[in-house]
Every structure is written in C-alpha cells, then in structure tokens.
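Written out below as structure tokens is the structure these notes cover.
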Amino acid sequence: MDSAEELTNLRKRLIFRSWHRGTREMDLIMGRFAEVAVPQMSAADLATYTRLLEESDPDIYDWLCGRQPIPESSDSAVLRHLIDHSFQTNRTPR
C-alpha cells in the first residue's frame, strides 16, 4: 500500500471515528468538522487530529464552550480550527 492510499484510509477512519464519539452532541460537532476539514489536512495535522480524538468528549466540549481552559498539551492549530468551525456552524443568526 502506498502512502497516498494510507492517508486516504486514515482520513476515512478519522471521519468515521468523528461521527461515532459516544455522545450525540460530540458526534455532530466532530463529525461535521471532520467532513469538511479532514480531507484537506496534512499528514502532521492528521496525526494531531488523531491525538485529539483520544481526548474525552466532556473535555473537548468544555474547551469548545470555553468552560475550561485548553491544556497546553492539547492546544493545537487543529483544535483551534475545530473551535472556530464549531462557532461558525452553530451560531444562530439574529
């Protein structure tokens, strides 16, 4: 299997895992983000996103909502992109 095929398979797995988090709220947040962002991610960003998916749903949700500060060990451009995406897609127009 070549590296392009491996990256394609990794992207498919990450999108699947994003839609199957365990809580419906996080399935929607992470799944929608993954559908849009994962296909364009570099290999390094895919590795970062893989690590993010290992975090617990309550922790990620608290970071998204600003209830808890993001620990330095978990802070990344990928997480910031998720936060921005979540804010943009979930805000209600006035």
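Labels used: A, B, ... for chains in the order of the structure tokens, numbers from 1 for residues in each chain, and numbers from 1 for ligands as shown.
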
- Excluding region 78-87 of chain A and residues on its chain fewer than 4 positions from it, collect all residues at most 7 Å away from it, counting only C-alpha atoms, and give them as JSON, numbers by chain. {"A": [29, 33, 45, 48, 49, 64, 91]}

Generate a file of the selected residues that holds C-alpha atoms, formatted as a PDB file, in the first residue's frame.
ATOM      1  CA  ILE A  29     -19.719  18.634  16.291  1.00  0.00           C
ATOM      2  CA  PHE A  33     -15.910  19.272  11.337  1.00  0.00           C
ATOM      3  CA  ASP A  45      -2.456  17.703  11.085  1.00  0.00           C
ATOM      4  CA  THR A  48      -2.681  15.927  15.667  1.00  0.00           C
ATOM      5  CA  TYR A  49      -6.359  15.238  14.980  1.00  0.00           C
ATOM      6  CA  LEU A  64     -15.285  24.328  22.796  1.00  0.00           C
ATOM      7  CA  ARG A  91     -24.227  30.211  15.914  1.00  0.00           C
TER       8      ARG A  91
END

- Would you mind listing what lies within 10 Å of Gly22 (chain A) as a ChimeraX atom specification, with only C-alpha atoms counted and same-chain residues fewer than 5 positions away left out? /A:17,27,56-57

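Between Asp75 (chain A) and the residues A:Ile60, A:Pro39, A:Met26, A:Leu10, the shortest atom-to-atom distance, using only C-alpha atoms, involves A:Ile60.
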
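Between CA of Tyr61 (chain A) and CA of Leu28 (chain A) the interatomic distance comes to 11.6 Å.
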
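Put simply, CA of Gln40 (chain A) is 27.3 Å away from CA of Pro69 (chain A).
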
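Candidate residues A:Leu14, A:Trp19, A:Ala34, A:Ile70 were compared for distance to Arg51 (chain A), and the nearest is A:Leu14, using only C-alpha atoms.
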
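For the pair CA of Thr23 (chain A) and CA of Glu54 (chain A), the separation is 14.2 Å.
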